[in-house]
Structures are given as C-alpha cells and as structure tokens.
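Q: Okay, handing you the structure first.
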Amino acid sequence: MSTTERPHFKFWPARQPHNITPPATSLWHNLQVNAQRYPDKPALIYFGRITSYGELAAQVDALAGALHALGVRRGDRVLLDMQNTPQLVVAHFAILRANAVVVPVNPMNKAEELKHYISDSDARVALTTGDLAPELAKASDGLPEAQRLSHLIVTQFTDAFDASAADTPAMAAAWRDWLLPQRELPVLAGGQVHAWTALLAAGHAAPAHEVAAQDMALLPYTSGTTGLPKGCIHPHSTLMHNAVAGSQWGSATPETVVLAVVPMFHITGIVSMMHTAIYAGASLVLMPRWDRDVAGHLISKWKVTSWTNIPTMVIDLLASPNFKSYDLSSLLYIGGGGAAMPQAVAQRLLEEFGLAFQEGYGLTETAAPTHSNPPLHAKQQCLGMPFTGVDARVVDPETLKELPIGEPGEIIMSGPQIFSGYWKRPDATAAVFVEIDGKRFFRSGDMGRMDEEGFFFITDRLKRMINASGFKVWPAEVELLMFKHPAIQEACIISTKDAYRGESVKAVVVLRPTHKSTTAEEIIAWCRENMAAYKVPRQVQFVDALPKSGSGKVMWRLLQEAEGQAA
C-alpha cells in the first residue's frame, strides 16, 4: 500500500518491517533457545537473587515433569494465580512446556470470582502462593464435585529469595508481613495440595514437547464489565507474533534490563514484558507490587533500560519526596498503555530526562499491542500507529463504513495477533468479528479517530459517553484536561442524572497532598476557563483514592454504579 493509503508508513521505525514471519515454534522454545545461548546470563532478578537462563530452564523442566505426573496433558487448562515473582515465570513456562494452557488469574480475585475461572476453564490443576491458596481452596470447595480442582500447588514467597533481603531497599517495609511468613497449606476437598519445593525436587522427567504455533497457549479472561468474564483463546502464534514484533520495535537485545512491575497475569505484562524479554534474552527485574521508592531504587541499582508501565506509576514516582536521589539515566524506553499519559507529565519526562513516553494500545483479545508510537515520532496522548502486521480502521459503529480522517468512530483491527475467539462463547465471538474487504476484523468497542498522519487517538469506550442536552461528552478528554490543574493528582469523570440536561458531568478527584485545601468551586471555576461549557463538571467529589484494577486501570464503572445507586 502507498503512504497515501497508509500515511503512518512515512513515520515507520527505520529497519522495522511492516510485516514479520514469526517462528512456527511454541513460546517455550524461546526460553529453551536462550538457555542454550546464555546459560549463565541473568534471566530474573528478585530481591537480589539472580536466576540465570540455565537455572530458569531447569526449574521449568522440573515443574513441567511434576505437572505431567499429576495428569496434566496436551491442551489442559491450568490456573495460574500469582503476583510478579520468579515462581510465576517458572510456572507459566512449565505449563507451556507440559503442552498445556495457562489460565492467568488476577490475584485480587476472591473465592466467588475464582469459582468462575475454575469451572469455566475446566481447570483441574492450579498454582498459587501461600497467601492466596486459601481463597482458591475455598472457591474449589464451593463448586460441584465434578468441577473442583484435583491438585493445588502452593509456593511460599521465600522459596525464591533469602529472607535477609527484607533489610534492603528492594523490599518495602509494608511488604514484610506479606512476603516473609511461611503459611500452612490449606486442605482441598476431594483433591491434593502440594508444596512447590517438594514437587520441583521430586525428579519427574518433563514430557515430550508436542505443541506448536496453532495450539492454544493462553486463556486470559476479559474484565467482565458485562456479564461474567469471557476467556480469550490465544494460540502460541498470536503471542509469538507480538513478542517478536515488540522486541524488534523496542530494539530489545540480550543487554536489555526490564523493570517488571506491570502484573504478569495481565496481557500487557504477559506479552509485552515477559514473553518479549524472554524472546530477546533480556533480564527481568521483578516487583511483586508497585512501590514508587522500590521502583526508583531498582532502576538505579540494576541500570534498568526498559520500563513498561501504567501512567499512574510514573505520576507516583515523580511525586516521591526521594525522587531526586534516584538515577534514571539508564532508561532508554519508557511507555505503556491502559490509560492516557497526562500531557503535563509526558512533557516533564521529555524535558528533564529526554524520554518520550511511548503510548500503545491493545486489548486482551489482541495479545496486547495493535497500535504503538514509533520511538522517534511519538505523539503525546496518542495510541500510536497500527502495529506490525495490523490493518486498523475507524468505522461507523452502526453501518461499519470506514470514516474520513479526523471523524470519531469505532476502532476495528485485523492482524496476526488477534485471538481465535471466546472460550465456549460462539455467540460472543460472532458479535465481535466482521468481514470487510475479505479480512476478518475485530470490533474493539473503543471510540477513536485517525489523524492525517495515520496515528490513532482514543475518544472513549463506545458505551462510556455522556449525553448532556445533546452534547456528547467523552470522559477521557475531560480527565486529561483536568490533569493540568495543579491541585489534581487523579480524576475520573462519570455521569450524573440531571432533570434538565438528562445527564451532567461529575468529577471524582484525588487532590495532591500539597493542595488539600482546594475546593470544588475552585476546580469548577478553573474548568470553566479551560474547557467548553458543556464539558465542565457540575459536581466535584473528593476521595482519598480512585478504585483501580489489578493492572492499574481506574475502575470508572464502580464509581458510575455507586453514583447510580446514590441517585
């Protein structure tokens, strides 16, 4: 296609192909190859303990053998419920090594939520940490006998590090009571509970590796904003494509050092961080949870070069009273998605550190990125251009006709990273795919526009629009404007009932610690000066913190539901 048809090609990263031919092997093969190439090179760094590629591969083989001995066979779904730890990486690749399918679960989920992941995926084996094991056991016990787990494998956090690390800056003081205790194993009704260390030491041989590109590798679940969460079927090929393309796009090498703080139960952490790093032979510096001062310490100590994050993490780090003591000079890449980076914060990163925050865009269904900003032409508050191999368009959500440049509509995309469909949900699968020009396009449900250079900008979720007397208000736009107010640390825009206008705009605001005396009237007055009248919040509610998902996204629906109940 010409640059007129796809104008973003004019800004395409040098030496990066428009399309790639990813390996036809499984994702485990990437680890196997780099264990042979770099057996002594650090793969994982966790509280000062370094796990080499050779050691990582050996642990993966040992656990894969144990899983096989417990009855795990090709195509079986295995639940993985952990925070970012070495054990999560070992377990993830061991499940793949054993020819099975990883079902990643948010560790914030409670028993009632976990029941759905166990029963819907038909998982019979789960791996977790000591703190989460009781909830998984409770969930399994609460299911009909035929749907329960048969085996629960439990690791203690200290299986992967020395407890003396508690006295270093790598461990936040608040983490000690969480990470250091040795917890008793729960009882599993009708099943067996196994200690991680015992299984790895049992000496079971790993089975023959039989799976390849088209076999299912991952069954992540969508957020479940409407109805119960749906499993997204990803073969090895969709994840492999984005691991390879992401590695090339970010110029990753074996010398790359990644700060792994984005949760690796989330598609971004799994693909854009873990699999991309392992494919490149890079090193992962693991953080089990976010803590701004631990992050600052780790970036400085390990000379981190790549940091994929949620914008709220950057905002938090920059606000640390210890910030000036941290050395960020090693960073070559900083970027992420999930929410737009406030323009004022992005500008500070550029001016003070020479770092262009590279925003990207993708969904669970798309194995993370379908859009990304090119390193040398990154635009602020922009999804970026269609990623390697992607045909993305903006269409009318009703007619599905492609819209002119600049006109907002639904973003649809076609590419080799798009999932196969929803697990056990042919109806839902049919509803999100459409054929145009002989291609199968996925309907994102996100509203956006494309500029004259072929870059995409989000306007909002298709269903998250406020209609105030006929004026359409896109909450994301208002939130980005409000970030510029000196007193506002975070803001979330929701709708509130209005007898006259139908709906009005309401802002839920977290104030900066230095501006706690700011009033709602002051913020509304500032908004009147900085945005169109119909966008101005009619109400401002102050809160100590906004509710966030395990991946760091603001859960605006919770606030909207609470507003509806109050009304």
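By order in the structure tokens, chains are A, B, ...; within a chain, residues start at 1; ligands start at 1, following the order shown.
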Name the residues in contact with Pro134 in chain A at a cut-off of 9 Å, using only C-alpha atoms, excluding same-chain residues fewer than 5 positions from it; report them as a list of chain:residue names.
A: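 Residues meeting the cut-off are A:Ala111, A:Ala139, A:Leu185, A:Pro186, A:Val187.
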Q: Can you list, as a ChimeraX atom specification, every protein, DNA or RNA residue that comes within 12 Å of Leu149 in chain A when you count only C-alpha atoms, leaving out same-chain residues fewer than 6 positions away?
A: /A:70,77-79,114-115,117-119,121-127,136-143,187-193
Q: Excluding Leu199 in chain A and its own-chain neighbours fewer than 5 positions away, which residues fall within 10 Å of it when counting only C-alpha atoms? Please give them as JSON, numbers by chain.
A: {"A": [62, 63, 64, 65, 66, 67, 69, 153, 154, 194, 204]}
Q: Would you give me, as a PDB file with N, CA and C atoms, in the first residue's frame, the residues in range 439-533 of chain A that DSSP reads as helix (DSSP H, G or I)?
A:
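What landed in out_26.pdb:
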ATOM      1  N   PRO A 475     -15.558  11.321  28.471  1.00  0.00           N
ATOM      2  CA  PRO A 475     -14.891  11.475  29.767  1.00  0.00           C
ATOM      3  C   PRO A 475     -13.370  11.516  29.706  1.00  0.00           C
ATOM      4  N   ALA A 476     -12.758  10.707  28.843  1.00  0.00           N
ATOM      5  CA  ALA A 476     -11.289  10.666  28.789  1.00  0.00           C
ATOM      6  C   ALA A 476     -10.716  12.032  28.446  1.00  0.00           C
ATOM      7  N   GLU A 477     -11.400  12.745  27.557  1.00  0.00           N
ATOM      8  CA  GLU A 477     -10.928  14.077  27.163  1.00  0.00           C
ATOM      9  C   GLU A 477     -10.965  15.047  28.350  1.00  0.00           C
ATOM     10  N   VAL A 478     -12.051  15.001  29.118  1.00  0.00           N
ATOM     11  CA  VAL A 478     -12.188  15.887  30.275  1.00  0.00           C
ATOM     12  C   VAL A 478     -11.143  15.546  31.335  1.00  0.00           C
ATOM     13  N   GLU A 479     -10.901  14.239  31.552  1.00  0.00           N
ATOM     14  CA  GLU A 479      -9.906  13.821  32.540  1.00  0.00           C
ATOM     15  C   GLU A 479      -8.517  14.334  32.192  1.00  0.00           C
ATOM     16  N   LEU A 480      -8.162  14.246  30.920  1.00  0.00           N
ATOM     17  CA  LEU A 480      -6.838  14.717  30.501  1.00  0.00           C
ATOM     18  C   LEU A 480      -6.688  16.218  30.713  1.00  0.00           C
ATOM     19  N   LEU A 481      -7.764  16.948  30.494  1.00  0.00           N
ATOM     20  CA  LEU A 481      -7.717  18.388  30.741  1.00  0.00           C
ATOM     21  C   LEU A 481      -7.554  18.668  32.235  1.00  0.00           C
ATOM     22  N   MET A 482      -8.268  17.936  33.047  1.00  0.00           N
ATOM     23  CA  MET A 482      -8.229  18.195  34.488  1.00  0.00           C
ATOM     24  C   MET A 482      -6.878  17.865  35.104  1.00  0.00           C
ATOM     25  N   PRO A 513      -1.255  16.036  47.879  1.00  0.00           N
ATOM     26  CA  PRO A 513      -1.087  16.295  49.315  1.00  0.00           C
ATOM     27  C   PRO A 513      -0.809  17.762  49.631  1.00  0.00           C
ATOM     28  N   THR A 514      -0.215  18.462  48.685  1.00  0.00           N
ATOM     29  CA  THR A 514       0.135  19.881  48.906  1.00  0.00           C
ATOM     30  C   THR A 514      -1.017  20.835  48.633  1.00  0.00           C
ATOM     31  N   HIS A 515      -2.157  20.302  48.150  1.00  0.00           N
ATOM     32  CA  HIS A 515      -3.274  21.177  47.770  1.00  0.00           C
ATOM     33  C   HIS A 515      -4.591  20.708  48.379  1.00  0.00           C
ATOM     34  N   ALA A 520     -14.181  22.485  45.696  1.00  0.00           N
ATOM     35  CA  ALA A 520     -14.869  22.073  44.468  1.00  0.00           C
ATOM     36  C   ALA A 520     -15.166  23.288  43.597  1.00  0.00           C
ATOM     37  N   GLU A 521     -15.532  24.388  44.233  1.00  0.00           N
ATOM     38  CA  GLU A 521     -15.850  25.600  43.485  1.00  0.00           C
ATOM     39  C   GLU A 521     -14.638  26.103  42.698  1.00  0.00           C
ATOM     40  N   GLU A 522     -13.459  25.995  43.307  1.00  0.00           N
ATOM     41  CA  GLU A 522     -12.238  26.439  42.626  1.00  0.00           C
ATOM     42  C   GLU A 522     -11.941  25.583  41.396  1.00  0.00           C
ATOM     43  N   ILE A 523     -12.150  24.292  41.537  1.00  0.00           N
ATOM     44  CA  ILE A 523     -11.892  23.397  40.414  1.00  0.00           C
ATOM     45  C   ILE A 523     -12.892  23.638  39.290  1.00  0.00           C
ATOM     46  N   ILE A 524     -14.162  23.815  39.634  1.00  0.00           N
ATOM     47  CA  ILE A 524     -15.183  24.077  38.617  1.00  0.00           C
ATOM     48  C   ILE A 524     -14.888  25.389  37.902  1.00  0.00           C
ATOM     49  N   ALA A 525     -14.481  26.389  38.651  1.00  0.00           N
ATOM     50  CA  ALA A 525     -14.144  27.678  38.037  1.00  0.00           C
ATOM     51  C   ALA A 525     -12.964  27.530  37.080  1.00  0.00           C
ATOM     52  N   TRP A 526     -11.980  26.748  37.473  1.00  0.00           N
ATOM     53  CA  TRP A 526     -10.812  26.504  36.597  1.00  0.00           C
ATOM     54  C   TRP A 526     -11.247  25.777  35.327  1.00  0.00           C
ATOM     55  N   CYS A 527     -12.144  24.796  35.501  1.00  0.00           N
ATOM     56  CA  CYS A 527     -12.628  24.044  34.339  1.00  0.00           C
ATOM     57  C   CYS A 527     -13.373  24.951  33.370  1.00  0.00           C
ATOM     58  N   ARG A 528     -14.134  25.874  33.912  1.00  0.00           N
ATOM     59  CA  ARG A 528     -14.871  26.798  33.037  1.00  0.00           C
ATOM     60  C   ARG A 528     -13.921  27.618  32.172  1.00  0.00           C
ATOM     61  N   GLU A 529     -12.724  27.857  32.725  1.00  0.00           N
ATOM     62  CA  GLU A 529     -11.737  28.640  31.982  1.00  0.00           C
ATOM     63  C   GLU A 529     -10.947  27.793  30.990  1.00  0.00           C
ATOM     64  N   ASN A 530     -10.998  26.493  31.118  1.00  0.00           N
ATOM     65  CA  ASN A 530     -10.106  25.632  30.343  1.00  0.00           C
ATOM     66  C   ASN A 530     -10.795  24.607  29.452  1.00  0.00           C
ATOM     67  N   ALA A 533     -18.078  24.771  27.809  1.00  0.00           N
ATOM     68  CA  ALA A 533     -19.022  24.812  28.926  1.00  0.00           C
ATOM     69  C   ALA A 533     -19.727  23.475  29.148  1.00  0.00           C
TER      70      ALA A 533
END
Q: What is the distance, in Å and to one decimal place, between CA of Phe93 in chain A and CA of Pro426 in chain A?
A: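 One can read the CA of Phe93 in chain A to CA of Pro426 in chain A distance as 28.7 Å.
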Q: Find the spatial neighbours of Phe542 in chain A, counting only C-alpha atoms, within a cut-off of 7 Å - ignore same-chain residues fewer than 6 positions away - and output them as a ChimeraX atom specification.
A: /A:508-510
Q: For CA of Leu558 in chain A and CA of Leu546 in chain A, determine how far apart the two atoms are, in Å to one decimal place.
A: 9.7 Å
Q: How many Å lie between CA of Ala282 in chain A and CA of Leu376 in chain A, rounded to one decimal?
A: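 Interatomic distance here is 22.4 Å.
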Q: Which residues are close to range 404-411 of chain A, i.e. within 7 Å by only C-alpha atoms, leaving aside same-chain residues fewer than 5 positions away? Reply as a list in words.
A: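 That gives Ala392, Arg393, Val394, Val395, Asp396, Pro397, Arg443, Ser444, Gly445, Asp446, Met447, Gly448, Arg449, Met450, Asp451 and Glu452 of chain A.
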Q: Export C-alpha atoms of the chosen residues as a PDB file, in the first residue's frame?
A:
ATOM      1  CA  ALA A 392      -6.677  -0.767  11.712  1.00  0.00           C
ATOM      2  CA  ARG A 393      -9.590   1.416  10.681  1.00  0.00           C
ATOM      3  CA  VAL A 394     -12.173   3.776  12.150  1.00  0.00           C
ATOM      4  CA  VAL A 395     -15.726   2.883  11.197  1.00  0.00           C
ATOM      5  CA  ASP A 396     -19.261   3.985  11.932  1.00  0.00           C
ATOM      6  CA  PRO A 397     -20.350   1.642  14.756  1.00  0.00           C
ATOM      7  CA  ARG A 443     -14.518  -4.788  16.826  1.00  0.00           C
ATOM      8  CA  SER A 444     -12.741  -3.174  19.763  1.00  0.00           C
ATOM      9  CA  GLY A 445     -15.711  -1.358  21.262  1.00  0.00           C
ATOM     10  CA  ASP A 446     -13.430   1.669  21.641  1.00  0.00           C
ATOM     11  CA  MET A 447     -14.165   5.000  20.030  1.00  0.00           C
ATOM     12  CA  GLY A 448     -11.285   6.784  18.340  1.00  0.00           C
ATOM     13  CA  ARG A 449     -10.161   8.859  15.399  1.00  0.00           C
ATOM     14  CA  MET A 450      -7.232   8.827  12.988  1.00  0.00           C
ATOM     15  CA  ASP A 451      -5.237  11.936  12.130  1.00  0.00           C
ATOM     16  CA  GLU A 452      -3.802  12.862   8.744  1.00  0.00           C
TER      17      GLU A 452
END
